[in-house]
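The file entry-v1.txt contains compact mmCIF, C-alpha atoms:
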# COMPACT_ATOMS: atom_id res chain seq x y z
CA MET A 1 99.15 102.16 156.01
CA HIS A 2 96.09 100.23 154.86
CA GLU A 3 93.80 101.14 157.77
CA PHE A 4 90.74 101.07 155.53
CA GLY A 5 91.35 97.43 154.67
CA ILE A 6 91.93 96.58 158.32
CA ALA A 7 88.81 98.51 159.32
CA GLN A 8 86.79 96.68 156.66
CA GLY A 9 87.96 93.31 158.00
CA LEU A 10 87.10 94.41 161.54
CA MET A 11 83.71 95.73 160.42
CA ASP A 12 82.89 92.39 158.76
CA VAL A 13 83.67 90.54 161.99
CA VAL A 14 81.79 92.82 164.37
CA LEU A 15 78.70 93.20 162.15
CA GLY A 16 78.61 89.43 161.69
CA ARG A 17 78.80 88.87 165.43
CA ALA A 18 76.15 91.49 166.14
CA ARG A 19 73.85 89.83 163.61
CA GLU A 20 74.43 86.41 165.16
CA ALA A 21 73.72 87.82 168.62
CA GLY A 22 70.50 89.43 167.34
CA ALA A 23 71.78 92.83 168.44
CA THR A 24 70.78 96.16 166.89
CA ARG A 25 73.64 98.24 168.26
CA ILE A 26 77.32 97.65 168.79
CA GLU A 27 78.19 99.67 171.89
CA GLN A 28 81.90 99.14 172.14
CA VAL A 29 84.72 97.31 170.40
CA ASN A 30 87.99 96.71 172.24
CA LEU A 31 91.18 96.27 170.22
CA ALA A 32 94.78 95.57 171.14
CA ILE A 33 97.27 97.02 168.68
CA GLY A 34 101.03 96.65 168.97
CA VAL A 35 103.33 99.50 168.03
CA LEU A 36 104.82 97.29 165.29
CA ALA A 37 101.44 96.46 163.73
CA GLY A 38 101.76 99.46 161.42
CA VAL A 39 98.27 100.69 162.23
CA GLU A 40 97.63 104.33 163.12
CA GLU A 41 94.77 104.62 165.59
CA GLU A 42 93.48 107.92 164.20
CA ALA A 43 93.29 106.58 160.64
CA LEU A 44 91.62 103.40 161.90
CA GLN A 45 89.05 105.39 163.92
CA PHE A 46 88.25 107.48 160.85
CA ALA A 47 87.89 104.46 158.58
CA PHE A 48 85.75 102.59 161.12
CA ARG A 49 83.40 105.60 161.48
CA ALA A 50 83.14 106.02 157.72
CA LEU A 51 82.40 102.33 157.13
CA GLY A 52 79.97 102.11 160.05
CA GLU A 53 77.52 104.75 158.82
CA ASP A 54 73.95 103.42 158.66
CA THR A 55 74.93 100.14 160.31
CA PRO A 56 74.66 98.85 163.91
CA ALA A 57 78.25 100.15 164.24
CA ALA A 58 77.30 103.78 163.57
CA GLU A 59 77.77 104.86 167.20
CA THR A 60 80.32 102.32 168.31
CA ARG A 61 83.14 103.35 170.66
CA LEU A 62 86.36 101.91 169.29
CA VAL A 63 88.72 101.53 172.24
CA VAL A 64 92.34 100.79 171.42
CA GLU A 65 94.85 99.46 173.90
CA LYS A 66 98.36 100.16 172.59
CA ILE A 67 100.74 97.28 173.24
CA PRO A 68 104.35 98.38 173.71
CA LEU A 69 107.29 96.74 172.00
CA ARG A 70 109.03 94.29 174.32
CA CYS A 71 112.09 92.28 173.35
CA TYR A 72 113.83 89.38 175.00
CA CYS A 73 117.43 89.67 176.17
CA ARG A 74 119.15 86.30 176.07
CA PRO A 75 122.16 87.14 178.31
CA CYS A 76 119.87 88.56 181.01
CA ASP A 77 117.03 86.07 180.39
CA ALA A 78 114.68 89.03 180.76
CA VAL A 79 112.11 90.92 178.73
CA PHE A 80 112.57 94.66 178.32
CA GLU A 81 110.49 97.42 176.81
CA CYS A 82 112.01 99.29 173.90
CA LYS A 83 111.24 101.75 171.15
CA PRO A 84 111.47 100.77 167.47
CA PHE A 85 115.12 101.04 166.40
CA ALA A 86 116.48 100.99 169.95
CA TYR A 87 116.54 97.27 170.63
CA ARG A 88 119.20 97.30 173.34
CA CYS A 89 118.77 95.72 176.74
CA PRO A 90 118.91 98.52 179.34
CA THR A 91 120.70 96.19 181.78
CA CYS A 92 123.53 94.73 179.71
CA GLY A 93 123.39 96.71 176.45
CA ALA A 94 123.06 93.63 174.22
CA ALA A 95 121.11 94.08 170.96
CA SER A 96 118.02 91.92 170.56
CA ALA A 97 115.41 91.53 167.85
CA GLU A 98 113.46 88.79 169.61
CA VAL A 99 110.11 90.52 169.74
CA ARG A 100 107.83 89.32 172.56
CA THR A 101 105.03 91.88 172.28
CA GLY A 102 104.25 94.72 169.90
CA LYS A 103 102.99 92.95 166.77
CA GLU A 104 99.40 92.47 167.99
CA LEU A 105 96.43 93.44 165.84
CA ASN A 106 93.57 91.86 167.75
CA LEU A 107 89.89 92.27 168.42
CA VAL A 108 89.80 91.61 172.17
CA SER A 109 86.07 91.83 172.90
CA MET A 110 82.92 93.70 171.97
CA GLU A 111 79.66 94.72 173.58
CA VAL A 112 76.31 94.80 171.84
CA SER A 113 72.75 95.62 172.79
CA MET B 1 87.32 74.18 144.90
CA CYS B 2 90.42 75.19 146.75
CA GLU B 3 90.70 73.25 149.99
CA THR B 4 92.82 75.76 151.86
CA CYS B 5 90.81 78.93 151.49
CA GLY B 6 87.56 77.49 150.11
CA CYS B 7 87.63 79.59 146.95
CA ALA B 8 85.63 78.31 144.01
CA VAL B 9 87.55 80.20 141.35
CA ASN B 10 91.13 81.07 140.68
CA HIS B 11 91.58 84.79 141.13
CA HIS B 12 88.76 86.63 142.68
CA PRO B 13 88.02 89.63 144.82
CA HIS B 14 86.00 88.26 147.72
CA GLU B 15 85.57 88.34 151.43
CA HIS B 16 86.27 85.24 153.39
CA PRO B 17 83.82 84.33 156.10
CA HIS B 18 85.25 84.63 159.57
CA HIS B 19 84.54 81.68 161.74
CA GLY B 20 85.85 79.53 164.51
CA ASP B 21 84.71 81.71 167.38
CA ASP B 22 82.35 80.62 170.09
CA HIS B 23 79.28 82.72 170.44
CA ASP B 24 76.96 83.01 173.36
CA HIS B 25 73.58 83.49 171.81
CA HIS B 26 71.08 84.27 174.52
CA HIS B 27 70.45 87.98 174.91
CA ASP B 28 68.07 90.45 176.36
CA HIS B 29 67.86 93.76 174.58
CA GLY B 30 68.59 97.00 176.36
CA THR B 31 71.73 95.98 178.23
CA ALA B 32 75.12 95.64 176.62
CA GLU B 33 76.52 92.15 176.41
CA SER B 34 79.68 90.61 175.15
CA ALA B 35 79.63 89.06 171.66
CA GLY B 36 82.38 86.61 170.77
CA GLY B 37 85.92 86.17 172.01
CA PRO B 38 89.29 87.48 170.86
CA HIS B 39 90.01 87.50 167.13
CA ALA B 40 93.30 88.25 165.37
CA LEU B 41 92.51 90.60 162.49
CA LEU B 42 95.26 89.13 160.34
CA ALA B 43 94.36 85.55 161.31
CA MET B 44 93.18 84.77 157.79
CA ASN B 45 96.48 85.89 156.27
CA ASP B 46 98.53 84.09 158.91
CA ARG B 47 96.59 80.86 158.37
CA LEU B 48 97.09 81.00 154.60
CA ALA B 49 100.77 81.87 155.09
CA ALA B 50 101.16 78.80 157.28
CA GLY B 51 99.57 76.75 154.49
CA ASN B 52 101.96 78.22 151.91
CA ARG B 53 104.90 77.52 154.22
CA ARG B 54 103.79 73.89 154.58
CA HIS B 55 103.62 73.47 150.78
CA PHE B 56 107.06 75.02 150.37
CA ARG B 57 108.52 72.74 153.04
CA GLU B 58 106.97 69.60 151.52
CA HIS B 59 108.64 70.42 148.22
CA GLY B 60 111.90 71.64 149.78
CA VAL B 61 111.59 75.00 148.00
CA THR B 62 113.38 78.01 149.47
CA VAL B 63 111.21 81.12 149.28
CA VAL B 64 112.51 84.66 149.48
CA ASN B 65 110.24 87.69 149.98
CA ILE B 66 112.02 90.81 148.73
CA VAL B 67 110.78 94.27 149.68
CA SER B 68 112.06 97.80 149.06
CA SER B 69 110.90 101.25 148.07
CA PRO B 70 109.98 101.67 144.41
CA GLY B 71 113.02 101.98 142.21
CA SER B 72 115.75 100.68 144.50
CA GLY B 73 116.68 97.85 142.16
CA LYS B 74 114.70 94.78 143.20
CA THR B 75 114.09 93.71 139.63
CA ALA B 76 117.67 94.45 138.55
CA LEU B 77 119.05 92.38 141.44
CA LEU B 78 116.66 89.53 140.64
CA GLU B 79 117.57 89.64 136.94
CA ARG B 80 121.22 89.19 137.84
CA THR B 81 120.36 86.57 140.47
CA ILE B 82 118.34 84.55 137.96
CA ARG B 83 120.92 84.87 135.16
CA THR B 84 123.61 83.42 137.43
CA LEU B 85 121.59 80.84 139.34
CA ALA B 86 119.26 79.50 136.61
CA PRO B 87 121.94 77.22 135.12
CA GLU B 88 122.59 75.57 138.52
CA LEU B 89 119.24 75.81 140.36
CA ARG B 90 115.59 75.61 139.35
CA VAL B 91 114.38 79.18 139.92
CA ALA B 92 111.01 80.88 139.46
CA ALA B 93 109.66 84.29 140.41
CA ILE B 94 106.43 85.92 141.51
CA VAL B 95 106.24 89.67 141.00
CA GLY B 96 103.76 92.09 142.57
CA ASP B 97 102.94 95.49 141.10
CA LEU B 98 99.85 97.67 141.06
CA ALA B 99 99.83 97.56 137.25
CA THR B 100 101.77 96.24 134.23
CA ASP B 101 103.65 92.98 133.80
CA ASN B 102 106.89 94.71 132.84
CA ASP B 103 108.87 93.22 135.72
CA ALA B 104 107.73 89.67 135.06
CA ALA B 105 108.73 90.11 131.42
CA ARG B 106 112.21 91.25 132.52
CA LEU B 107 112.63 88.25 134.82
CA ARG B 108 111.46 85.87 132.09
CA SER B 109 114.09 87.34 129.77
CA ALA B 110 116.65 86.72 132.51
CA GLY B 111 115.79 83.02 132.34
CA ALA B 112 113.13 82.10 134.91
CA PRO B 113 109.39 81.45 134.72
CA ALA B 114 107.78 84.53 136.26
CA HIS B 115 104.21 85.02 137.42
CA GLN B 116 102.95 88.61 137.62
CA ILE B 117 100.39 89.56 140.25
CA THR B 118 98.78 92.91 139.51
CA THR B 119 97.29 94.08 142.77
CA GLY B 120 95.15 96.91 141.38
CA SER B 121 95.26 99.30 144.29
CA ALA B 122 96.67 97.00 146.98
CA CYS B 123 99.94 98.23 148.47
CA HIS B 124 101.36 94.79 149.31
CA LEU B 125 101.18 91.11 148.44
CA ASP B 126 99.34 88.88 150.89
CA ALA B 127 99.37 85.15 151.55
CA HIS B 128 96.11 84.67 149.65
CA MET B 129 97.57 86.12 146.43
CA ILE B 130 100.61 83.87 146.75
CA HIS B 131 98.39 80.87 147.48
CA HIS B 132 96.61 81.43 144.15
CA ALA B 133 99.78 82.22 142.21
CA LEU B 134 100.91 78.72 143.23
CA ASP B 135 98.22 77.32 140.92
CA ASP B 136 100.54 78.33 138.06
CA ILE B 137 103.81 77.23 139.65
CA ARG B 138 104.94 73.63 139.93
CA LEU B 139 106.71 73.56 143.29
CA GLY B 140 107.96 70.04 142.63
CA ASP B 141 110.09 71.43 139.80
CA LEU B 142 111.69 74.18 141.89
CA ASP B 143 114.57 74.86 144.25
CA LEU B 144 114.15 78.59 144.72
CA LEU B 145 111.12 80.89 144.50
CA LEU B 146 111.85 84.62 144.49
CA ILE B 147 108.92 86.87 145.40
CA GLU B 148 109.33 90.50 144.43
CA ASN B 149 106.86 92.39 146.60
CA VAL B 150 105.15 95.69 145.72
CA GLY B 151 107.58 98.61 146.09
CA ASN B 152 106.64 99.88 149.54
CA LEU B 153 108.50 99.94 152.87
CA VAL B 154 105.37 100.04 155.04
CA CYS B 155 102.58 97.59 154.27
CA PRO B 156 104.47 94.44 153.20
CA ALA B 157 105.84 94.25 156.76
CA ALA B 158 102.44 93.14 158.09
CA PHE B 159 101.74 90.27 155.68
CA ASP B 160 103.56 86.98 156.09
CA LEU B 161 103.61 85.14 152.75
CA GLY B 162 105.07 81.89 154.08
CA GLU B 163 108.64 82.80 153.08
CA ASP B 164 111.89 81.49 154.54
CA LEU B 165 113.79 84.72 154.13
CA PHE B 166 112.50 88.27 154.40
CA VAL B 167 114.91 90.53 152.53
CA VAL B 168 114.87 94.33 152.60
CA LEU B 169 116.72 96.11 149.82
CA LEU B 170 117.70 99.76 149.96
CA SER B 171 119.80 101.78 147.57
CA THR B 172 122.48 104.41 148.03
CA THR B 173 120.37 106.99 146.18
CA GLU B 174 117.68 106.84 148.88
CA GLY B 175 119.91 108.24 151.62
CA GLU B 176 121.41 106.74 154.75
CA ASP B 177 118.47 107.00 157.11
CA LYS B 178 115.88 104.74 155.45
CA PRO B 179 116.35 102.05 158.15
CA LEU B 180 115.52 104.56 160.90
CA LYS B 181 112.52 105.93 159.01
CA TYR B 182 110.99 102.49 158.40
CA PRO B 183 111.94 100.58 161.56
CA VAL B 184 109.09 98.06 161.44
CA ILE B 185 110.08 96.51 158.13
CA PHE B 186 113.81 96.57 158.89
CA LEU B 187 113.31 94.81 162.23
CA LYS B 188 111.74 91.92 160.33
CA ALA B 189 114.66 91.57 157.90
CA ASP B 190 116.67 88.34 157.75
CA ALA B 191 118.93 90.09 155.26
CA VAL B 192 119.46 93.66 154.11
CA VAL B 193 120.89 94.37 150.66
CA LEU B 194 122.44 97.79 150.12
CA ASN B 195 122.25 98.28 146.35
CA LYS B 196 123.50 100.80 143.76
CA THR B 197 126.98 101.00 145.28
CA ASP B 198 128.16 102.13 141.82
CA LEU B 199 126.27 105.40 142.38
CA ALA B 200 127.43 105.93 145.98
CA ALA B 201 130.14 108.48 145.17
CA THR B 202 127.88 110.44 142.82
CA VAL B 203 125.22 110.94 145.48
CA GLU B 204 127.82 111.40 148.29
CA PHE B 205 126.45 108.40 150.12
CA LYS B 206 127.84 108.02 153.65
CA ARG B 207 128.37 104.32 153.92
CA ASP B 208 129.47 104.22 157.58
CA ILE B 209 126.34 106.01 158.73
CA ALA B 210 124.12 103.77 156.61
CA MET B 211 125.77 100.60 157.98
CA ALA B 212 125.35 101.83 161.56
CA ASN B 213 121.69 102.60 160.87
CA ILE B 214 121.14 99.14 159.39
CA GLU B 215 122.77 97.52 162.42
CA THR B 216 120.56 99.56 164.74
CA ALA B 217 117.27 98.95 162.91
CA ALA B 218 117.93 95.38 161.76
CA PRO B 219 120.05 93.76 164.49
CA LYS B 220 119.48 90.18 163.28
CA ALA B 221 120.00 90.83 159.54
CA LYS B 222 122.86 89.69 157.35
CA VAL B 223 124.06 92.64 155.28
CA PHE B 224 125.16 92.59 151.63
CA THR B 225 126.40 95.52 149.55
CA THR B 226 125.80 95.17 145.84
CA SER B 227 125.61 96.88 142.52
CA ALA B 228 123.01 94.97 140.55
CA ARG B 229 124.13 96.92 137.48
CA THR B 230 127.87 96.06 137.57
CA GLY B 231 127.58 92.82 139.54
CA ASP B 232 129.88 94.08 142.27
CA GLY B 233 129.22 92.27 145.58
CA VAL B 234 126.44 90.10 144.14
CA GLU B 235 128.39 86.87 144.59
CA ALA B 236 128.07 86.97 148.42
CA TRP B 237 124.30 87.42 148.06
CA LEU B 238 124.14 84.46 145.66
CA ASP B 239 126.15 82.30 148.08
CA TYR B 240 123.70 83.20 150.83
CA LEU B 241 120.83 81.96 148.62
CA ARG B 242 122.75 78.82 147.61
CA ARG B 243 123.40 77.94 151.27
CA HIS B 244 119.72 78.30 152.16
CA VAL B 245 118.60 76.26 149.13
CA LYS B 246 121.00 73.48 150.10
CA ALA B 247 119.90 73.49 153.74
CA LYS B 248 116.22 73.38 152.89
CA ARG B 249 116.71 70.64 150.30
CA SER B 250 118.48 68.48 152.89
CA LEU B 251 115.63 69.03 155.38
CA ALA B 252 113.13 67.85 152.74
CA GLY B 253 115.30 64.79 152.16
As a first step, turn the structure in this file into structure tokens.
Amino acid sequence: MHEFGIAQGLMDVVLGRAREAGATRIEQVNLAIGVLAGVEEEALQFAFRALGEDTPAAETRLVVEKIPLRCYCRPCDAVFECKPFAYRCPTCGAASAEVRTGKELNLVSMEVS
Amino acid sequence: MCETCGCAVNHHPHEHPHHGDDHDHHHDHGTAESAGGPHALLAMNDRLAAGNRRHFREHGVTVVNIVSSPGSGKTALLERTIRTLAPELRVAAIVGDLATDNDAARLRSAGAPAHQITTGSACHLDAHMIHHALDDIRLGDLDLLLIENVGNLVCPAAFDLGEDLFVVLLSTTEGEDKPLKYPVIFLKADAVVLNKTDLAATVEFKRDIAMANIETAAPKAKVFTTSARTGDGVEAWLDYLRRHVKAKRSLAG
């Protein structure tokens, strides 16, 4: 969707942190992105590369951990993994929209030198 | 100076500083080191949305965020909603579009103060835009605030505005499978409004399939079927709003 805006926000954070750390290069940035976050990794990678040109982020590896969608089933008191638009508990078949993971859009950590 | 977001002026394209993270500042060059801890990329929006929600709660105002594809009848439904509810409730609207204030003008004609946000190129409203629109809206004089989001079934899903109810509208002319094509936004829906029922026969709309798709993609949503043009089915939607307004008012005392 708006990966460029997301990438710009991310770039502001990581460049700011690199500056504060007195670093000249950002080696790696680790993200966690849920399947419901509406962010396509390929578009984000492209935007991050484009925005990072001629900055300490020019050669940064952007590593994305995809977080699956997990919902909570009340009758079973259990969390199950599901695909978007198949929110049924595999054990009892009950529908659930109580999302436990899958909405993440987080910078987890970064390495600079 | 705005105390919530720190802005000096009213409406303004700017970057907010990111802060609040602990940094470890000693470093020796040549080896990679960690810089800063975890950071939610939408933290700024979520923080401002929480602030909006607090304001709304203090004033006992029910806030509805309405999303749909372009042209499915958001403005028409809101016109009818305002015409009926304005005599009994204090209603205002915020409308988001990339350009023009046509929709705000329509809602004003229907009988409610309406604030137009023109987003330029932005594909969604965010909590910051709503926060600043509130400069022009006296929450103390309101029962119900209707927010008509930018016509888009993708991006508005990611941006909490501080609303009580997230409503997704779809119309019979769009086909039955919209809920399956845009699962992220439908999963978030508190209510789904199926609009343009007056055109259903003309476009050979398969209602049973659409209802099954809505139930699959939006398992927690209340479903309304309406024709904003004829008024058919709109009363149930209005009752839903009235109930929420009453409940929120009683919470605010």
| said: With only C-alpha atoms as the counted atoms, please give the residues lying no more than 7 Å from segment 72-80 of chain A, apart from itself and same-chain residues fewer than 3 positions off, as a ChimeraX atom specification. | reply: /A:89,96,98-100
| task | Using only C-alpha atoms, determine which residues of chain B fall within 6 Å of chain A; present them as a list in words. | result |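 Using only C-alpha atoms, chain B residues at most 6 Å from chain A: His25, His29, Gly30, Thr31, Ala32, Glu33, Ser34, Ala35, Gly37, Pro38, His39, Ala40, Leu41, Cys155, Pro183, Val184, Thr216 and Ala217 of chain B.
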| said: When you count all atoms listed in the file, which of these residues is closest to Pro179 of chain B: B:Ala105, B:Pro87, B:Ser69, B:Ala228? | reply: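 Looking only at the distances to Pro179 of chain B, the closest residue turns out to be B:Ser69.
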| query | Quick one: of B:Leu85, B:Leu77, B:Leu144, B:Val63, who's nearest to Arg229 of chain B, counting only C-alpha atoms? | reply |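 Among the listed residues, B:Leu77 lies closest to Arg229 of chain B.
Atom CA of Trp237 of chain B lies 6.3 Å from atom CA of Phe224 of chain B.
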| task | To one decimal in Å, tell me the separation between atom CA of Thr230 of chain B and atom CA of Val95 of chain B. | result |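 Computed distance, atom CA of Thr230 of chain B to atom CA of Val95 of chain B, equals 22.8 Å.
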| said: as number ranges by chain, please: the residues near Gly71 of chain B (cut-off 12 Å, all atoms listed in the file, same-chain neighbours under 5 positions excluded). | reply: B: 76-77, 103, 150-153, 169-174, 195-196
Please enclose the listed atoms of segment 71-80 of chain A in an axis-aligned box, pad each side by 3 Å, and write out the centre and the three edge lengths in Å, rounded to one decimal, as AutoDock Vina command-line options.
--center_x 117.1 --center_y 90.4 --center_z 177.2 --size_x 16.1 --size_y 14.6 --size_z 13.7
| task | Rounded to one decimal place, report the atom CA of Ala122 of chain B-atom CA of Thr75 of chain B distance in Å. | result | 19.2 Å
Using the partial input, fill out segment 5-39 of chain A with N, CA and C atoms; write the result as a PDB file, in the frame of the given file.
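File produced: rebuild28.pdb:
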ATOM      1  N   GLY A   5      91.482  98.883 154.836  1.00  0.00           N
ATOM      2  CA  GLY A   5      91.350  97.430 154.670  1.00  0.00           C
ATOM      3  C   GLY A   5      91.201  96.729 156.012  1.00  0.00           C
ATOM      4  N   ILE A   6      92.010  97.155 156.976  1.00  0.00           N
ATOM      5  CA  ILE A   6      91.930  96.580 158.320  1.00  0.00           C
ATOM      6  C   ILE A   6      90.552  96.866 158.922  1.00  0.00           C
ATOM      7  N   ALA A   7      90.104  98.114 158.754  1.00  0.00           N
ATOM      8  CA  ALA A   7      88.810  98.510 159.320  1.00  0.00           C
ATOM      9  C   ALA A   7      87.678  97.715 158.667  1.00  0.00           C
ATOM     10  N   GLN A   8      87.824  97.450 157.348  1.00  0.00           N
ATOM     11  CA  GLN A   8      86.790  96.680 156.660  1.00  0.00           C
ATOM     12  C   GLN A   8      86.735  95.246 157.203  1.00  0.00           C
ATOM     13  N   GLY A   9      87.900  94.656 157.426  1.00  0.00           N
ATOM     14  CA  GLY A   9      87.960  93.310 158.000  1.00  0.00           C
ATOM     15  C   GLY A   9      87.329  93.284 159.391  1.00  0.00           C
ATOM     16  N   LEU A  10      87.659  94.300 160.193  1.00  0.00           N
ATOM     17  CA  LEU A  10      87.100  94.410 161.540  1.00  0.00           C
ATOM     18  C   LEU A  10      85.582  94.582 161.482  1.00  0.00           C
ATOM     19  N   MET A  11      85.146  95.451 160.558  1.00  0.00           N
ATOM     20  CA  MET A  11      83.710  95.730 160.420  1.00  0.00           C
ATOM     21  C   MET A  11      82.950  94.438 160.059  1.00  0.00           C
ATOM     22  N   ASP A  12      83.522  93.653 159.142  1.00  0.00           N
ATOM     23  CA  ASP A  12      82.890  92.390 158.760  1.00  0.00           C
ATOM     24  C   ASP A  12      82.695  91.485 159.974  1.00  0.00           C
ATOM     25  N   VAL A  13      83.736  91.422 160.818  1.00  0.00           N
ATOM     26  CA  VAL A  13      83.670  90.540 161.990  1.00  0.00           C
ATOM     27  C   VAL A  13      82.628  91.042 162.974  1.00  0.00           C
ATOM     28  N   VAL A  14      82.676  92.342 163.304  1.00  0.00           N
ATOM     29  CA  VAL A  14      81.790  92.820 164.370  1.00  0.00           C
ATOM     30  C   VAL A  14      80.323  92.865 163.904  1.00  0.00           C
ATOM     31  N   LEU A  15      80.094  93.207 162.641  1.00  0.00           N
ATOM     32  CA  LEU A  15      78.700  93.200 162.150  1.00  0.00           C
ATOM     33  C   LEU A  15      78.163  91.773 162.107  1.00  0.00           C
ATOM     34  N   GLY A  16      79.017  90.843 161.721  1.00  0.00           N
ATOM     35  CA  GLY A  16      78.610  89.430 161.690  1.00  0.00           C
ATOM     36  C   GLY A  16      78.256  88.934 163.081  1.00  0.00           C
ATOM     37  N   ARG A  17      79.067  89.310 164.056  1.00  0.00           N
ATOM     38  CA  ARG A  17      78.800  88.870 165.430  1.00  0.00           C
ATOM     39  C   ARG A  17      77.545  89.517 165.996  1.00  0.00           C
ATOM     40  N   ALA A  18      77.345  90.801 165.659  1.00  0.00           N
ATOM     41  CA  ALA A  18      76.150  91.490 166.140  1.00  0.00           C
ATOM     42  C   ALA A  18      74.895  90.827 165.565  1.00  0.00           C
ATOM     43  N   ARG A  19      74.979  90.475 164.275  1.00  0.00           N
ATOM     44  CA  ARG A  19      73.850  89.830 163.610  1.00  0.00           C
ATOM     45  C   ARG A  19      73.549  88.489 164.282  1.00  0.00           C
ATOM     46  N   GLU A  20      74.622  87.726 164.527  1.00  0.00           N
ATOM     47  CA  GLU A  20      74.430  86.410 165.160  1.00  0.00           C
ATOM     48  C   GLU A  20      73.857  86.537 166.564  1.00  0.00           C
ATOM     49  N   ALA A  21      74.219  87.625 167.250  1.00  0.00           N
ATOM     50  CA  ALA A  21      73.720  87.820 168.620  1.00  0.00           C
ATOM     51  C   ALA A  21      72.332  88.459 168.622  1.00  0.00           C
ATOM     52  N   GLY A  22      71.814  88.787 167.432  1.00  0.00           N
ATOM     53  CA  GLY A  22      70.500  89.430 167.340  1.00  0.00           C
ATOM     54  C   GLY A  22      70.513  90.847 167.879  1.00  0.00           C
ATOM     55  N   ALA A  23      71.650  91.489 167.866  1.00  0.00           N
ATOM     56  CA  ALA A  23      71.780  92.830 168.440  1.00  0.00           C
ATOM     57  C   ALA A  23      71.502  93.891 167.375  1.00  0.00           C
ATOM     58  N   THR A  24      71.047  95.054 167.828  1.00  0.00           N
ATOM     59  CA  THR A  24      70.780  96.160 166.890  1.00  0.00           C
ATOM     60  C   THR A  24      71.845  97.232 166.978  1.00  0.00           C
ATOM     61  N   ARG A  25      72.584  97.238 168.081  1.00  0.00           N
ATOM     62  CA  ARG A  25      73.640  98.240 168.260  1.00  0.00           C
ATOM     63  C   ARG A  25      74.921  97.585 168.761  1.00  0.00           C
ATOM     64  N   ILE A  26      76.026  98.048 168.224  1.00  0.00           N
ATOM     65  CA  ILE A  26      77.320  97.650 168.790  1.00  0.00           C
ATOM     66  C   ILE A  26      77.785  98.808 169.646  1.00  0.00           C
ATOM     67  N   GLU A  27      77.852  98.579 170.968  1.00  0.00           N
ATOM     68  CA  GLU A  27      78.190  99.670 171.890  1.00  0.00           C
ATOM     69  C   GLU A  27      79.680  99.972 171.873  1.00  0.00           C
ATOM     70  N   GLN A  28      80.454  98.926 171.990  1.00  0.00           N
ATOM     71  CA  GLN A  28      81.900  99.140 172.140  1.00  0.00           C
ATOM     72  C   GLN A  28      82.674  97.981 171.542  1.00  0.00           C
ATOM     73  N   VAL A  29      83.809  98.322 170.932  1.00  0.00           N
ATOM     74  CA  VAL A  29      84.720  97.310 170.400  1.00  0.00           C
ATOM     75  C   VAL A  29      86.096  97.580 170.997  1.00  0.00           C
ATOM     76  N   ASN A  30      86.676  96.562 171.603  1.00  0.00           N
ATOM     77  CA  ASN A  30      87.990  96.710 172.240  1.00  0.00           C
ATOM     78  C   ASN A  30      89.060  96.032 171.406  1.00  0.00           C
ATOM     79  N   LEU A  31      90.084  96.806 171.027  1.00  0.00           N
ATOM     80  CA  LEU A  31      91.180  96.270 170.220  1.00  0.00           C
ATOM     81  C   LEU A  31      92.487  96.350 170.993  1.00  0.00           C
ATOM     82  N   ALA A  32      93.402  95.471 170.651  1.00  0.00           N
ATOM     83  CA  ALA A  32      94.780  95.570 171.140  1.00  0.00           C
ATOM     84  C   ALA A  32      95.677  95.694 169.920  1.00  0.00           C
ATOM     85  N   ILE A  33      96.428  96.781 169.846  1.00  0.00           N
ATOM     86  CA  ILE A  33      97.270  97.020 168.680  1.00  0.00           C
ATOM     87  C   ILE A  33      98.700  97.293 169.114  1.00  0.00           C
ATOM     88  N   GLY A  34      99.611  96.472 168.652  1.00  0.00           N
ATOM     89  CA  GLY A  34     101.030  96.650 168.970  1.00  0.00           C
ATOM     90  C   GLY A  34     101.635  97.791 168.177  1.00  0.00           C
ATOM     91  N   VAL A  35     102.698  98.357 168.716  1.00  0.00           N
ATOM     92  CA  VAL A  35     103.330  99.500 168.030  1.00  0.00           C
ATOM     93  C   VAL A  35     103.986  99.073 166.718  1.00  0.00           C
ATOM     94  N   LEU A  36     104.232  97.773 166.544  1.00  0.00           N
ATOM     95  CA  LEU A  36     104.820  97.290 165.290  1.00  0.00           C
ATOM     96  C   LEU A  36     103.756  96.858 164.273  1.00  0.00           C
ATOM     97  N   ALA A  37     102.487  96.953 164.640  1.00  0.00           N
ATOM     98  CA  ALA A  37     101.440  96.460 163.730  1.00  0.00           C
ATOM     99  C   ALA A  37     101.279  97.363 162.520  1.00  0.00           C
ATOM    100  N   GLY A  38     101.830  98.567 162.573  1.00  0.00           N
ATOM    101  CA  GLY A  38     101.760  99.460 161.420  1.00  0.00           C
ATOM    102  C   GLY A  38     100.372 100.050 161.238  1.00  0.00           C
ATOM    103  N   VAL A  39      99.619 100.150 162.329  1.00  0.00           N
ATOM    104  CA  VAL A  39      98.270 100.690 162.230  1.00  0.00           C
ATOM    105  C   VAL A  39      98.179 101.970 163.063  1.00  0.00           C
TER     106      VAL A  39
END
